[in-house]
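One structure is given below, encoded as structure tokens.
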Amino acid sequence: MHDTNRPNILIIQADQHRADCIGAYGNTDVQTPHIDALAADGVRYANSFCPYPVCTPSRYSFLSGLYVRQHLGGSNHCTLPAGLSTFPQILRTAGYHTKAVGKMHLTPTYADVGFDELILAEQNGVGRYDDDYHRWLRQQGQGYYVDLLDQESEYRTDAPAEYWQHVGALESDLDEEHHSTTWIAEQAMDELQTWQDGGHLLMASFIKPHHPFDPPAPWSQMYDPQALELLPGYTAEPLPQDLTYSRGYFPYDEMTETKIRRAMAYYYATISQIDHHVGRMTSLLKAEGLYDNTLILYNSDHGDYMGYHHLLLKGNHMYEPLIRVPLVVKYPGQLQAGSVSDALVNTIDCAPTLLTQAGCDVPAVMPGLDLAVSPQRALLFAESGRGRAYMVRSQTHKLLFCSDDTNSQYFDLTSDPYEQQNLYRDPDHQGDIASMKIALASWALFDAPYPVHADEAAPIISAANAQPSNAGHREEIYAYFAAKMKEKLAP
């Protein structure tokens with residue numbers, strides 16, 4: 001029996017969700033009534049940033065409360081080093097039942113990072129050949145055409161013209177029942193239906209709205225691309241400094257407004273589909289009398305340019321739509337309901353906040369702040385590329401400091417909120433830039449790239465569905481989906 005005095009914790013995590021693509025964040029086109037309702041019952045953090053705009057590094061920072069250079073998870077194929085605490089691990093030790101469903105992006109796939117149970121739906125790397133979702137798709141006789149085209153290079157080389165023409169924004173070949181968003185939501189609902197008291201942690205982690213932008217019908221018809229308002233920061237063509245930095249997964253200089261609008265429509269559809277299931281979860285908690293005693297946190301691992309500077313996806317400078325992420329926290333008892341915090345907050349603040357709310361001690365090594373007590377920091381830091389670039393951000397200014405200094409940029413966000421006027425070499429700003437560099441130097445030795453820790457043999461959870469990497473199943477699952485793709489791509 002769990003401690004009924006302890007709150008339940010429900011984490012709903014999206015992937016690649018740009019912060020201003022939520023109604024509560026001011027977007028009047030996208031329909032997110034259930035996330036908006038969480039914001040009305042909780043706190044919306046207007047200046048929330050991820051520490052590293054790549055999936056696994058950011059997720060490991062969320063779990064461990066550490067910056068990426070502390071946990072050494074600087075790629076999508078990495079392992080949290082043994083001995084590092086995570087908030088699920090601490091909660092489990094304290095008596096919580098801990099479970100995660102959906103995308104976790106761990107190495108090994110079922111690595112023990114503190115969850116009693118992992119029911120997984122992965123997308124990138126070998127995880128898709130290990131997980132529960134793709135095993136289920138096989139049992140159902142389903143393929144996964146659009147996602148495999150987008151995620152696996154061996155198929156992408158033979159992708160039809162429509163994939164490139166529509167920048168991966170295609171209606172899913174899966175019906176709604178078999179789509180990953182629905183499957184993940186069903187696993188979450190199954191778990192929530194077992195809750196009867198306090199002391200539960202559930203992390204429901206969605207693959208979407210990460211590309212490919214492939215909502216199933218009828219969600220795919222929800223938005224008219226031509227009726228949408230282009231997002232703030234859109235430009236009619238890419239800026240020269242962005243093309244110099246990276247040409248883009250879908251080449252920026254071949255991008256068009258039509259392509260971006262289509263991507264927006266499908267991106268919004270996948271967000272609204274997630275929002276629908278957020279509503280199902282919260283309705284169930286209310287019906288069971290558990291809502292008041294449940295902390296609900298909605299966030300994302302990183303954002304998406306989605307037209308900003310004429311860019312799409314990620315992989316360029318740490319501009320606001322990429323590094324800023326949604327963060328909504330509905331505290332137990334609806335503490336501070338309906339409030340908005342303008343404080344500079346970081347994903348690393350989530351772990352100490354959740355532990356404090358659960359009555360657990362926060363390890364001294366976690367540098368994050370408690371979100372519930374209006375955290376105050378003058379500067380916020382982020383990085384990308386393991387030393388390629390760093391961000392130092394105040395409430396009004398932003399330094400993007402690159403190892404190749406010709407790419408460095410500095411912006412006055414008050415007069416230039418969309419980061420189009422680079423003041424890095426402006427004589428009037430050299431004093432402030434130098435101060436930010438000094439602060440960065442005290443935060444990290446930015447001239448020393450650190451290793452990525454990866455251990456395929458790290459401990460995994462003890463559960464029947466958690467297959468070790470040497471179990472021989474990957475080849476079988478791979479062959480099944482390869483055959484399905486061959487059928488689909490056949491002339």
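Labels used: A, B, ... for chains in the order of the structure tokens, numbers from 1 for residues in each chain, and numbers from 1 for ligands as shown.
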In region 240-355 of chain A, DSSP helix (DSSP H, G or I) residues written as a PyMOL selection string: chain A and resi 240-245+252-254+257-287+320-323+332-334+347-355
Region 127-137 of chain A surroundings by only C-alpha atoms, 7 Å radius, close-in-sequence under 3 positions cut, as JSON, numbers by chain: {"A": [109, 119, 120, 121, 122, 123, 124, 140, 141, 142, 143, 467, 474, 477, 478]}
Preceding selection exported with N, CA and C atoms as an mmCIF file, in the first residue's frame:
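File written: result-v4.cif
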data_model
loop_
_atom_site.group_PDB
_atom_site.id
_atom_site.type_symbol
_atom_site.label_atom_id
_atom_site.label_comp_id
_atom_site.auth_asym_id
_atom_site.auth_seq_id
_atom_site.Cartn_x
_atom_site.Cartn_y
_atom_site.Cartn_z
ATOM 1 N N THR A 109 18.283 -0.368 -24.308
ATOM 2 C CA THR A 109 16.903 0.089 -24.501
ATOM 3 C C THR A 109 16.089 0.073 -23.210
ATOM 4 N N ILE A 119 7.459 0.315 -20.568
ATOM 5 C CA ILE A 119 6.686 -0.183 -21.704
ATOM 6 C C ILE A 119 6.981 0.787 -22.841
ATOM 7 N N LEU A 120 7.804 0.371 -23.802
ATOM 8 C CA LEU A 120 8.480 1.327 -24.670
ATOM 9 C C LEU A 120 7.957 1.358 -26.103
ATOM 10 N N ALA A 121 8.002 2.561 -26.662
ATOM 11 C CA ALA A 121 7.775 2.808 -28.091
ATOM 12 C C ALA A 121 8.893 3.729 -28.553
ATOM 13 N N GLU A 122 9.881 3.184 -29.223
ATOM 14 C CA GLU A 122 11.050 3.963 -29.622
ATOM 15 C C GLU A 122 10.975 4.325 -31.103
ATOM 16 N N GLN A 123 11.881 5.217 -31.514
ATOM 17 C CA GLN A 123 11.865 5.673 -32.895
ATOM 18 C C GLN A 123 13.245 5.606 -33.534
ATOM 19 N N ASN A 124 14.253 6.079 -32.846
ATOM 20 C CA ASN A 124 15.583 6.197 -33.421
ATOM 21 C C ASN A 124 16.483 5.062 -32.945
ATOM 22 N N GLN A 140 0.183 -7.276 -35.047
ATOM 23 C CA GLN A 140 -1.010 -6.749 -35.704
ATOM 24 C C GLN A 140 -0.895 -6.764 -37.228
ATOM 25 N N GLY A 141 0.267 -7.187 -37.743
ATOM 26 C CA GLY A 141 0.476 -7.225 -39.186
ATOM 27 C C GLY A 141 0.653 -5.856 -39.817
ATOM 28 N N GLN A 142 1.113 -4.888 -39.020
ATOM 29 C CA GLN A 142 1.245 -3.509 -39.480
ATOM 30 C C GLN A 142 2.691 -3.196 -39.873
ATOM 31 N N GLY A 143 2.860 -2.298 -40.836
ATOM 32 C CA GLY A 143 4.166 -1.721 -41.152
ATOM 33 C C GLY A 143 4.318 -0.391 -40.453
ATOM 34 N N GLN A 467 13.967 -7.070 -23.111
ATOM 35 C CA GLN A 467 14.866 -7.997 -23.783
ATOM 36 C C GLN A 467 16.289 -7.447 -23.812
ATOM 37 N N ARG A 474 16.407 -8.730 -32.478
ATOM 38 C CA ARG A 474 16.479 -7.560 -33.345
ATOM 39 C C ARG A 474 16.436 -7.954 -34.820
ATOM 40 N N ILE A 477 12.823 -8.818 -35.909
ATOM 41 C CA ILE A 477 11.944 -7.650 -36.039
ATOM 42 C C ILE A 477 12.389 -6.795 -37.232
ATOM 43 N N TYR A 478 13.700 -6.623 -37.377
ATOM 44 C CA TYR A 478 14.222 -5.839 -38.500
ATOM 45 C C TYR A 478 13.774 -6.450 -39.823
#
Using only C-alpha atoms, I'd like a table of the residues in region 233-322 of chain A that come within 12 Å of region 387-390 of chain A; for each, show the closest atom pair and its distance in Å rounded to one decimal, ordered by chain and ascending number, as CSV.
residue,atom,partner,partner_atom,distance
A:Tyr245,CA,A:Arg388,CA,10.9
A:Gly315,CA,A:Ala389,CA,11.3
A:Asn316,CA,A:Ala389,CA,10.1
A:His317,CA,A:Ala389,CA,8.1
A:Met318,CA,A:Tyr390,CA,8.2
A:Tyr319,CA,A:Tyr390,CA,11.3
From A:Val329, A:Phe213, A:His276, A:Val167, residue lying nearest Glu254 (chain A) [only C-alpha atoms]: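 Among the listed residues, A:Val167 lies closest to Glu254 (chain A).
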What residues in region 108-261 of chain A get the DSSP label strand (DSSP E)? Please answer as a PDB file with C-alpha atoms, in the first residue's frame.
ATOM      1  CA  GLU A 117       8.467  -0.891 -15.396  1.00  0.00           C
ATOM      2  CA  LEU A 118       9.247   0.308 -18.921  1.00  0.00           C
ATOM      3  CA  ILE A 119       6.686  -0.183 -21.704  1.00  0.00           C
ATOM      4  CA  LEU A 120       8.480   1.327 -24.670  1.00  0.00           C
ATOM      5  CA  HIS A 200       2.774   6.644  -7.939  1.00  0.00           C
ATOM      6  CA  LEU A 201       5.046   8.030 -10.660  1.00  0.00           C
ATOM      7  CA  LEU A 202       4.089   7.652 -14.319  1.00  0.00           C
ATOM      8  CA  MET A 203       6.083   9.166 -17.171  1.00  0.00           C
ATOM      9  CA  ALA A 204       4.116   9.127 -20.436  1.00  0.00           C
ATOM     10  CA  SER A 205       6.576  10.068 -23.154  1.00  0.00           C
ATOM     11  CA  PHE A 206       5.280  10.658 -26.677  1.00  0.00           C
ATOM     12  CA  ILE A 207       7.299  10.298 -29.884  1.00  0.00           C
ATOM     13  CA  LYS A 208       5.434  13.210 -31.436  1.00  0.00           C
ATOM     14  CA  PRO A 209       5.392  15.957 -32.581  1.00  0.00           C
TER      15      PRO A 209
END
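Nearest to Pro7 (chain A) of all the residues A:Tyr96, A:Tyr418, A:Tyr67, A:Tyr252 is A:Tyr96, based on only C-alpha atoms.
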Residue contacts of region 295-303 of chain A (6 Å, only C-alpha atoms) excluding same-chain residues fewer than 4 positions away, as number ranges by chain: A: 9-18, 53, 55, 58, 321-323, 325-332
Residue nearest Glu237 (chain A) among A:Phe401, A:Tyr308, A:Phe381, A:Tyr480 (counting only C-alpha atoms):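 Under the stated criterion, the closest residue is A:Tyr308.
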Surrounding residues of Asp116 (chain A) excluding itself and chain neighbours under 3 positions, 7 Å, only C-alpha atoms, as a list in words: His97, Thr98, Lys99 and Ile461 of chain A
Write out the residues from the selection above, keeping N, CA and C atoms, as an mmCIF file, in the first residue's frame.
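The result, written out as part-v4.cif:
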data_model
loop_
_atom_site.group_PDB
_atom_site.id
_atom_site.type_symbol
_atom_site.label_atom_id
_atom_site.label_comp_id
_atom_site.auth_asym_id
_atom_site.auth_seq_id
_atom_site.Cartn_x
_atom_site.Cartn_y
_atom_site.Cartn_z
ATOM 1 N N HIS A 97 5.897 3.621 -6.612
ATOM 2 C CA HIS A 97 5.887 2.717 -7.761
ATOM 3 C C HIS A 97 6.174 3.580 -8.988
ATOM 4 N N THR A 98 7.195 3.208 -9.744
ATOM 5 C CA THR A 98 7.654 4.060 -10.840
ATOM 6 C C THR A 98 7.512 3.329 -12.170
ATOM 7 N N LYS A 99 6.921 4.015 -13.133
ATOM 8 C CA LYS A 99 6.694 3.390 -14.443
ATOM 9 C C LYS A 99 6.820 4.443 -15.530
ATOM 10 N N ILE A 461 16.180 -3.264 -16.500
ATOM 11 C CA ILE A 461 15.160 -3.603 -15.513
ATOM 12 C C ILE A 461 14.882 -5.105 -15.560
#
Spatial neighbours of Gly279 (chain A), 9 Å, only C-alpha atoms, chain gap at least 6 places, as a list in words: Pro33, His34, Ile35 and Ala37 of chain A
Written file, previous selection with N, CA and C atoms, as a PDB file, in the first residue's frame:
ATOM      1  N   PRO A  33      -6.803  22.444 -25.894  1.00  0.00           N
ATOM      2  CA  PRO A  33      -7.633  22.830 -24.743  1.00  0.00           C
ATOM      3  C   PRO A  33      -7.243  22.135 -23.443  1.00  0.00           C
ATOM      4  N   HIS A  34      -6.730  20.932 -23.505  1.00  0.00           N
ATOM      5  CA  HIS A  34      -6.454  20.179 -22.276  1.00  0.00           C
ATOM      6  C   HIS A  34      -5.118  20.583 -21.652  1.00  0.00           C
ATOM      7  N   ILE A  35      -4.118  20.873 -22.481  1.00  0.00           N
ATOM      8  CA  ILE A  35      -2.875  21.445 -21.931  1.00  0.00           C
ATOM      9  C   ILE A  35      -3.157  22.842 -21.398  1.00  0.00           C
ATOM     10  N   ALA A  37      -5.892  23.793 -20.075  1.00  0.00           N
ATOM     11  CA  ALA A  37      -6.587  23.619 -18.796  1.00  0.00           C
ATOM     12  C   ALA A  37      -5.599  23.297 -17.678  1.00  0.00           C
TER      13      ALA A  37
END
Asn422 (chain A) surroundings by only C-alpha atoms, 9 Å radius, close-in-sequence under 3 positions cut, as a list of chain:residue names: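 Residues meeting the cut-off are A:Ser408, A:Gln409, A:Tyr410, A:Phe411, A:Asp412, A:Glu419, A:Arg425, A:Asp426.
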Atom pair CA of Ser75 (chain A) / CA of Pro57 (chain A): separation (Å):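 Pair CA of Ser75 (chain A) / CA of Pro57 (chain A) returns 6.1 Å.
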Distance query Leu290 (chain A) at most 12 Å, only C-alpha atoms, self and fewer than 2 positions along chain excluded, as a PyMOL selection string: chain A and resi 4-10+192-200+281-288+292-296+332-333
